[in-house]
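Student: So here's entry-v3.csv, just CSV, C-alpha atoms:
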chain,number,residue,atom,x,y,z
A,1,MET,CA,20.2,154.5,17.1
A,2,THR,CA,17.7,151.8,17.4
A,3,HIS,CA,15.9,150.5,20.4
A,4,ASN,CA,18.1,147.4,20.4
A,5,ASP,CA,21.3,149.4,20.4
A,6,ASP,CA,20.1,151.1,23.6
A,7,GLU,CA,19.6,147.7,25.2
A,8,THR,CA,23.0,146.5,24.1
A,9,GLU,CA,24.7,149.5,25.7
A,10,GLU,CA,22.9,148.5,28.9
A,11,LEU,CA,24.7,145.1,29.1
A,12,PRO,CA,26.9,144.6,32.1
A,13,ASP,CA,30.5,145.5,31.5
A,14,ALA,CA,31.7,142.0,32.6
A,15,LEU,CA,29.6,140.4,29.9
A,16,ILE,CA,30.8,142.8,27.3
A,17,GLU,CA,34.4,142.1,28.2
A,18,ALA,CA,33.8,138.4,28.0
A,19,LEU,CA,32.2,138.7,24.6
A,20,LYS,CA,35.1,140.8,23.3
A,21,SER,CA,37.7,138.3,24.5
A,22,ALA,CA,35.8,135.4,22.8
A,23,ASP,CA,35.7,137.3,19.5
A,24,GLU,CA,38.9,136.0,18.1
A,25,ALA,CA,40.0,136.2,14.6
A,26,VAL,CA,38.8,133.3,12.4
A,27,PRO,CA,41.8,131.0,11.4
A,28,LEU,CA,42.5,131.4,7.8
A,29,ILE,CA,42.9,128.0,5.9
A,30,THR,CA,44.3,128.5,2.5
A,31,ALA,CA,43.7,126.1,-0.3
A,32,ARG,CA,47.3,125.0,0.0
A,33,VAL,CA,46.9,124.1,3.6
A,34,ASP,CA,43.6,122.3,2.8
A,35,ARG,CA,45.4,120.2,0.2
A,36,GLU,CA,48.2,119.4,2.5
A,37,VAL,CA,45.8,118.3,5.2
A,38,LEU,CA,43.9,116.2,2.7
A,39,LYS,CA,47.1,114.6,1.5
A,40,MET,CA,48.2,113.7,5.0
A,41,ALA,CA,44.9,112.2,5.8
A,42,ARG,CA,44.9,110.1,2.7
A,43,ASP,CA,48.5,108.9,3.4
A,44,GLN,CA,47.4,108.1,7.0
A,45,PHE,CA,44.5,106.0,5.9
A,46,ALA,CA,45.9,104.6,2.7
A,47,ASP,CA,46.1,101.1,4.0
A,48,ARG,CA,42.6,101.1,5.5
A,49,LYS,CA,39.9,99.6,3.4
A,50,PRO,CA,36.8,101.6,2.8
A,51,ALA,CA,33.7,100.7,4.8
A,52,TRP,CA,31.9,99.2,1.8
A,53,ARG,CA,34.9,96.8,1.4
A,54,ARG,CA,35.1,96.0,5.1
A,55,ARG,CA,31.4,95.1,5.3
A,56,PRO,CA,31.4,91.8,3.2
A,57,ALA,CA,32.9,89.8,6.0
A,58,TRP,CA,30.0,90.6,8.3
A,59,THR,CA,27.6,90.4,5.3
A,60,ALA,CA,28.9,86.9,4.5
A,61,VAL,CA,28.4,85.9,8.1
A,62,ALA,CA,24.9,87.3,8.2
A,63,ALA,CA,24.0,85.8,4.9
A,64,THR,CA,25.3,82.4,6.0
A,65,ALA,CA,23.3,82.6,9.2
A,66,LEU,CA,20.2,83.5,7.2
A,67,ILE,CA,20.7,80.7,4.7
A,68,ALA,CA,21.3,78.2,7.6
A,69,ILE,CA,18.0,79.3,9.2
A,70,PHE,CA,16.2,79.1,5.9
A,71,VAL,CA,17.6,75.6,5.2
A,72,VAL,CA,16.6,74.4,8.7
A,73,GLN,CA,13.1,75.8,8.2
A,74,LEU,CA,12.9,74.2,4.9
A,75,ASP,CA,14.2,70.9,6.3
A,76,GLU,CA,11.8,70.8,9.3
A,77,PRO,CA,8.6,70.5,7.3
A,78,THR,CA,10.2,67.7,5.2
A,79,GLN,CA,11.0,65.8,8.4
A,80,GLN,CA,7.5,66.4,9.6
A,81,VAL,CA,6.2,65.1,6.4
A,82,ASN,CA,8.4,62.0,6.6
A,83,LEU,CA,7.3,61.4,10.1
A,84,SER,CA,3.7,61.8,9.2
A,85,MET,CA,4.3,59.4,6.3
A,86,GLN,CA,5.8,56.9,8.6
A,87,ALA,CA,2.9,57.3,10.9
A,88,ALA,CA,0.5,57.0,8.0
A,89,ARG,CA,2.2,53.8,6.8
A,90,PRO,CA,0.0,50.9,7.8
A,91,ALA,CA,1.5,48.6,10.3
A,92,ASP,CA,2.2,45.1,9.1
A,93,ILE,CA,3.4,41.8,10.5
A,94,THR,CA,7.0,43.0,10.4
A,95,ASP,CA,6.2,45.6,13.0
A,96,VAL,CA,4.6,42.8,15.1
A,97,LEU,CA,7.7,40.7,14.7
A,98,LYS,CA,9.9,43.6,15.8
A,99,LEU,CA,7.8,44.3,18.8
A,100,ALA,CA,7.7,40.6,19.8
A,101,ARG,CA,11.5,40.5,19.6
A,102,GLU,CA,11.9,43.7,21.6
A,103,ARG,CA,9.5,42.4,24.3
A,104,ALA,CA,10.7,38.8,24.3
A,105,GLY,CA,10.7,37.2,27.7
A,106,ASP,CA,8.1,39.6,29.0
A,107,PRO,CA,4.9,37.6,29.5
A,108,ALA,CA,2.8,40.7,29.9
A,109,ALA,CA,3.8,41.9,26.5
A,110,GLN,CA,1.8,39.2,24.6
A,111,VAL,CA,-1.4,41.2,25.0
A,112,GLU,CA,0.2,44.2,23.4
A,113,ILE,CA,1.7,42.1,20.6
A,114,ASP,CA,-1.6,40.4,19.9
A,115,ALA,CA,-3.4,43.8,19.9
A,116,LEU,CA,-1.0,45.1,17.3
A,117,ALA,CA,-1.3,42.0,15.2
A,118,MET,CA,-5.1,42.2,15.4
A,119,ARG,CA,-4.9,45.8,14.2
A,120,VAL,CA,-2.7,44.6,11.3
A,121,VAL,CA,-5.3,42.0,10.1
A,122,SER,CA,-8.4,44.1,10.9
A,123,LEU,CA,-10.9,44.4,8.1
A,124,SER,CA,-12.6,47.4,9.5
A,125,PRO,CA,-11.8,50.8,7.9
A,126,ALA,CA,-10.0,51.8,11.1
A,127,GLY,CA,-7.7,48.8,10.7
A,128,ALA,CA,-4.0,49.5,10.0
A,129,SER,CA,-3.9,47.5,6.8
A,130,GLN,CA,-6.5,49.6,5.1
B,1,MET,CA,-61.3,31.6,5.6
B,2,ARG,CA,-60.6,29.0,3.0
B,3,ASN,CA,-58.8,31.6,0.9
B,4,SER,CA,-56.7,32.6,3.8
B,5,ILE,CA,-55.6,29.1,4.5
B,6,ILE,CA,-54.6,28.6,0.9
B,7,ALA,CA,-52.7,31.9,0.9
B,8,LEU,CA,-50.8,30.8,4.0
B,9,VAL,CA,-50.0,27.5,2.5
B,10,LEU,CA,-48.7,29.1,-0.7
B,11,LEU,CA,-46.7,31.7,1.3
B,12,SER,CA,-45.1,28.9,3.3
B,13,LEU,CA,-44.3,27.0,0.2
B,14,GLY,CA,-42.8,30.1,-1.4
B,15,THR,CA,-40.7,30.8,1.7
B,16,PHE,CA,-39.5,27.2,1.9
B,17,GLY,CA,-38.8,27.2,-1.8
B,18,HIS,CA,-36.8,30.4,-1.6
B,19,SER,CA,-34.7,29.2,1.4
B,20,TYR,CA,-34.1,25.9,-0.3
B,21,ALA,CA,-33.0,27.6,-3.5
B,22,ASP,CA,-30.6,29.8,-1.5
B,23,GLU,CA,-29.1,26.8,0.3
B,24,ALA,CA,-28.8,24.9,-2.9
B,25,ASN,CA,-26.4,27.6,-4.2
B,26,ILE,CA,-24.1,27.5,-1.1
B,27,ARG,CA,-20.8,25.6,-1.5
B,28,PHE,CA,-17.8,25.4,0.7
B,29,ALA,CA,-14.2,25.5,-0.3
B,30,ALA,CA,-10.8,25.4,1.3
B,31,VAL,CA,-8.0,27.6,-0.1
B,32,ASP,CA,-4.5,26.4,0.7
B,33,VAL,CA,-2.1,29.4,0.6
B,34,TYR,CA,1.5,28.6,-0.2
B,35,LEU,CA,4.5,30.8,0.4
B,36,ASP,CA,7.6,30.2,-1.7
B,37,SER,CA,10.8,31.8,-0.4
B,38,ALA,CA,14.4,31.0,-0.9
B,39,GLU,CA,15.2,32.4,2.5
B,40,PRO,CA,13.7,31.4,5.9
B,41,VAL,CA,10.7,33.4,6.6
B,42,ALA,CA,10.1,34.9,10.1
B,43,ALA,CA,6.9,36.7,9.3
B,44,TRP,CA,4.4,36.8,6.5
B,45,GLN,CA,1.1,38.5,5.7
B,46,PHE,CA,-1.2,38.1,2.8
B,47,GLU,CA,-4.7,39.3,1.7
B,48,LEU,CA,-7.2,37.1,0.0
B,49,GLY,CA,-10.2,38.6,-1.8
B,50,ASP,CA,-12.8,37.6,-4.4
B,51,ARG,CA,-13.5,39.8,-7.4
B,52,ALA,CA,-16.7,37.9,-8.1
B,53,GLY,CA,-18.0,38.7,-4.6
B,54,VAL,CA,-19.3,35.2,-3.8
B,55,MET,CA,-17.0,34.2,-1.0
B,56,LYS,CA,-17.4,34.6,2.8
B,57,VAL,CA,-14.5,33.4,5.0
B,58,VAL,CA,-15.7,31.0,7.7
B,59,GLY,CA,-12.4,30.0,9.2
B,60,VAL,CA,-8.6,30.1,8.9
B,61,GLU,CA,-6.3,27.2,9.7
B,62,GLN,CA,-2.6,27.2,10.3
B,63,GLY,CA,-0.1,25.8,7.9
B,64,ASP,CA,2.4,23.0,7.9
B,65,SER,CA,5.5,24.7,9.5
B,66,PRO,CA,6.1,23.8,13.1
B,67,ALA,CA,7.6,27.3,13.5
B,68,TYR,CA,4.0,28.6,13.0
B,69,ALA,CA,2.2,26.1,15.2
B,70,ARG,CA,-0.6,28.3,16.4
B,71,ALA,CA,-3.5,29.7,14.3
B,72,PRO,CA,-2.5,32.8,12.4
B,73,TYR,CA,-3.8,36.2,13.0
B,74,TYR,CA,-7.0,37.3,11.1
B,75,ASP,CA,-10.1,39.3,11.9
B,76,ARG,CA,-12.0,36.7,13.9
B,77,GLU,CA,-14.8,39.1,14.7
B,78,ALA,CA,-15.5,39.8,11.0
B,79,VAL,CA,-15.5,36.0,10.3
B,80,ARG,CA,-17.8,35.3,13.2
B,81,LEU,CA,-20.3,37.9,12.0
B,82,GLY,CA,-20.2,36.6,8.5
B,83,GLU,CA,-18.8,39.9,7.2
B,84,ALA,CA,-15.5,38.7,5.9
B,85,ASP,CA,-15.8,38.9,2.2
B,86,ARG,CA,-12.0,39.2,2.1
B,87,ILE,CA,-9.4,38.3,4.7
B,88,ILE,CA,-6.0,39.5,5.9
B,89,VAL,CA,-3.9,36.7,7.4
B,90,ALA,CA,-0.6,37.1,9.1
B,91,ASP,CA,1.8,35.4,11.5
B,92,TYR,CA,5.3,35.7,12.9
B,93,SER,CA,7.7,33.3,14.5
B,94,LEU,CA,10.4,33.8,17.1
B,95,ALA,CA,12.0,30.5,16.3
B,96,ASP,CA,15.6,30.2,15.4
B,97,VAL,CA,16.5,30.8,11.8
B,98,VAL,CA,17.2,27.1,11.2
B,99,GLU,CA,13.6,26.3,12.3
B,100,LEU,CA,12.0,28.8,10.0
B,101,PRO,CA,10.4,27.5,6.8
B,102,SER,CA,11.9,28.1,3.4
B,103,GLY,CA,11.0,26.9,0.0
B,104,ARG,CA,7.4,26.2,-0.8
B,105,VAL,CA,5.3,25.8,2.3
B,106,ARG,CA,1.6,26.0,3.1
B,107,VAL,CA,1.2,28.9,5.6
B,108,ALA,CA,-2.5,28.8,6.0
B,109,THR,CA,-5.8,27.4,4.8
B,110,VAL,CA,-8.7,29.7,4.4
B,111,HIS,CA,-12.2,28.0,4.6
B,112,LEU,CA,-14.8,29.7,2.5
B,113,MET,CA,-18.5,29.7,1.9
B,114,LEU,CA,-19.4,30.4,-1.7
B,115,SER,CA,-22.9,31.8,-2.1
B,116,SER,CA,-23.3,31.3,-5.9
B,117,ASP,CA,-22.9,28.8,-8.6
B,118,ASP,CA,-20.4,31.2,-10.1
B,119,ASP,CA,-16.8,30.5,-9.4
B,120,ALA,CA,-14.9,32.8,-7.1
B,121,ASP,CA,-12.3,35.0,-8.8
B,122,PHE,CA,-9.7,35.0,-6.2
B,123,ASN,CA,-7.4,37.9,-5.6
B,124,LEU,CA,-4.4,36.8,-3.5
B,125,PHE,CA,-1.4,39.0,-2.8
B,126,LEU,CA,1.5,39.0,-0.5
B,127,VAL,CA,1.6,42.0,1.7
B,128,THR,CA,5.0,41.2,3.1
B,129,ALA,CA,7.4,38.3,3.9
B,130,THR,CA,10.3,39.0,6.2
B,131,THR,CA,13.5,37.1,6.9
B,132,TYR,CA,15.0,36.3,10.3
B,133,ASP,CA,16.9,39.6,10.1
B,134,GLY,CA,13.7,41.6,9.6
B,135,VAL,CA,14.4,42.2,5.9
B,136,VAL,CA,11.6,41.9,3.4
B,137,THR,CA,12.3,39.0,1.2
B,138,ASP,CA,11.3,38.4,-2.4
B,139,ALA,CA,8.8,35.6,-1.9
B,140,ARG,CA,6.0,34.3,-4.1
B,141,ILE,CA,2.5,33.4,-2.9
B,142,SER,CA,0.1,31.0,-4.6
B,143,LEU,CA,-3.1,29.2,-3.7
B,144,ASP,CA,-4.7,25.8,-4.3
B,145,VAL,CA,-8.5,25.5,-4.1
B,146,ARG,CA,-10.2,22.4,-2.8
B,147,THR,CA,-13.9,22.1,-3.1
B,148,GLY,CA,-16.7,19.6,-2.3
B,149,SER,CA,-15.4,16.0,-2.0
B,150,GLU,CA,-11.8,17.1,-2.3
B,151,GLN,CA,-12.0,18.5,1.3
Here is the file; what I need is its structure written in the form of structure tokens.

Tutor:
Amino acid sequence: MTHNDDETEELPDALIEALKSADEAVPLITARVDREVLKMARDQFADRKPAWRRRPAWTAVAATALIAIFVVQLDEPTQQVNLSMQAARPADITDVLKLARERAGDPAAQVEIDALAMRVVSLSPAGASQ
Amino acid sequence: MRNSIIALVLLSLGTFGHSYADEANIRFAAVDVYLDSAEPVAAWQFELGDRAGVMKVVGVEQGDSPAYARAPYYDREAVRLGEADRIIVADYSLADVVELPSGRVRVATVHLMLSSDDDADFNLFLVTATTYDGVVTDARISLDVRTGSEQ
């Protein structure tokens, strides 16, 4: 008898009884039962698509969203370039005409119109026509 | 003392001779600029330069169309300072379409000082010409030079 056996014998009776009642026989699953359970499970979930086949719907949504974001990001710099190109385009007398028509009837606008026109015809490097 | 007086006299003669020679080479010319458009023109802009580098713009005069009665826009400060070896001239009109000029019309006259006996090699191009609707029209631009007694 070992030292551990001595300690086991010293366990309280209530605990020993509880352990004995918990020590039930292990249910025996035979190969036949295992196959039957497997067959029932397969029949039950026969109509259900596997996970890898259910995923494409969400994958498509996510891919579409990513592509949309990518396209928007691609498009934004183009718009910025277009805007900068428009801004870089030298003003000409057509812009002055447009401004004059927009501000027709406003006597205070003539100063602004003349200023734009003078920028159009300026010979200095800062002039719009350069 | 006598040598100094002679030197001063020669220097004065040399300076006078140099100025006289410079002035002798200066000529004036007027360049009439014509716009030819099938459609009435509500705004126009041209640039005139000189590849020979002998011209200075001394003034710009309006053209013949009543729709453009005032002097056109140009860089008056550069002209005043004698720095306009090229010129950009432009004008617009808010007149009704029936009053706008079409066909061949003189839109401006550019007055020039030519600082050499060599002829100027004018470079005239139309920047834009716009119809009443604000659309760029396919117009042609040309010039006619008047010099000396022709003016």

Student: Distance cut-off 9 Å, counting only C-alpha atoms - which residues of chain B neighbour chain A? Return them as a PyMOL selection string.

Tutor: chain B and resi 42-45+47+73-78+84+86-94+127-130+134-136

Student: Can you pull out every residue within 7 Å of segment 49-64 of chain B, counting all atoms listed in the file, but drop anything in the same chain fewer than 3 positions away, and send it as a VMD selection string?

Tutor: chain B and resid 69 to 72 79 82 84 to 87 105 to 116 120 to 124

Student: Place a sphere of radius 9 Å on (12.2, 28.4, 0.9) in the file coordinates and name every protein, DNA or RNA residue with an atom inside or on its surface, counting only C-alpha atoms; give the answer as a PDB file with C-alpha atoms, in the frame of the given file.

Tutor:
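The resulting file, part_34.pdb, is reproduced below:
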ATOM      1  CA  LEU B  35       4.500  30.800   0.400  1.00  0.00           C
ATOM      2  CA  ASP B  36       7.600  30.200  -1.700  1.00  0.00           C
ATOM      3  CA  SER B  37      10.800  31.800  -0.400  1.00  0.00           C
ATOM      4  CA  ALA B  38      14.400  31.000  -0.900  1.00  0.00           C
ATOM      5  CA  GLU B  39      15.200  32.400   2.500  1.00  0.00           C
ATOM      6  CA  PRO B  40      13.700  31.400   5.900  1.00  0.00           C
ATOM      7  CA  VAL B  41      10.700  33.400   6.600  1.00  0.00           C
ATOM      8  CA  PRO B 101      10.400  27.500   6.800  1.00  0.00           C
ATOM      9  CA  SER B 102      11.900  28.100   3.400  1.00  0.00           C
ATOM     10  CA  GLY B 103      11.000  26.900   0.000  1.00  0.00           C
ATOM     11  CA  ARG B 104       7.400  26.200  -0.800  1.00  0.00           C
ATOM     12  CA  VAL B 105       5.300  25.800   2.300  1.00  0.00           C
ATOM     13  CA  ALA B 139       8.800  35.600  -1.900  1.00  0.00           C
TER      14      ALA B 139
END

Student: Could you work out how far atom CA of Phe46 of chain B lies from atom CA of Val33 of chain B, giving the answer in Å with one decimal?

Tutor: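 So the answer is 9.0 Å.
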
Student: Report the distance between atom CA of Asp118 of chain B and atom CA of Asn25 of chain B in Å, rounded to one decimal place.

Tutor: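 Atom CA of Asn25 of chain B lies 9.2 Å from atom CA of Asp118 of chain B.
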
Student: What is the distance, in Å and to one decimal place, between atom CA of Ile113 of chain A and atom CA of Leu99 of chain A?

Tutor: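 These atoms are spaced 6.7 Å apart.
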
Student: List every protein, DNA or RNA residue with an atom no more than 7 Å from (15.2, 31.0, 11.3) in the file's coordinates, counting all atoms listed in the file, and format the result as an NGL selection string.

Tutor: :B and (40-42 or 95-100 or 132)
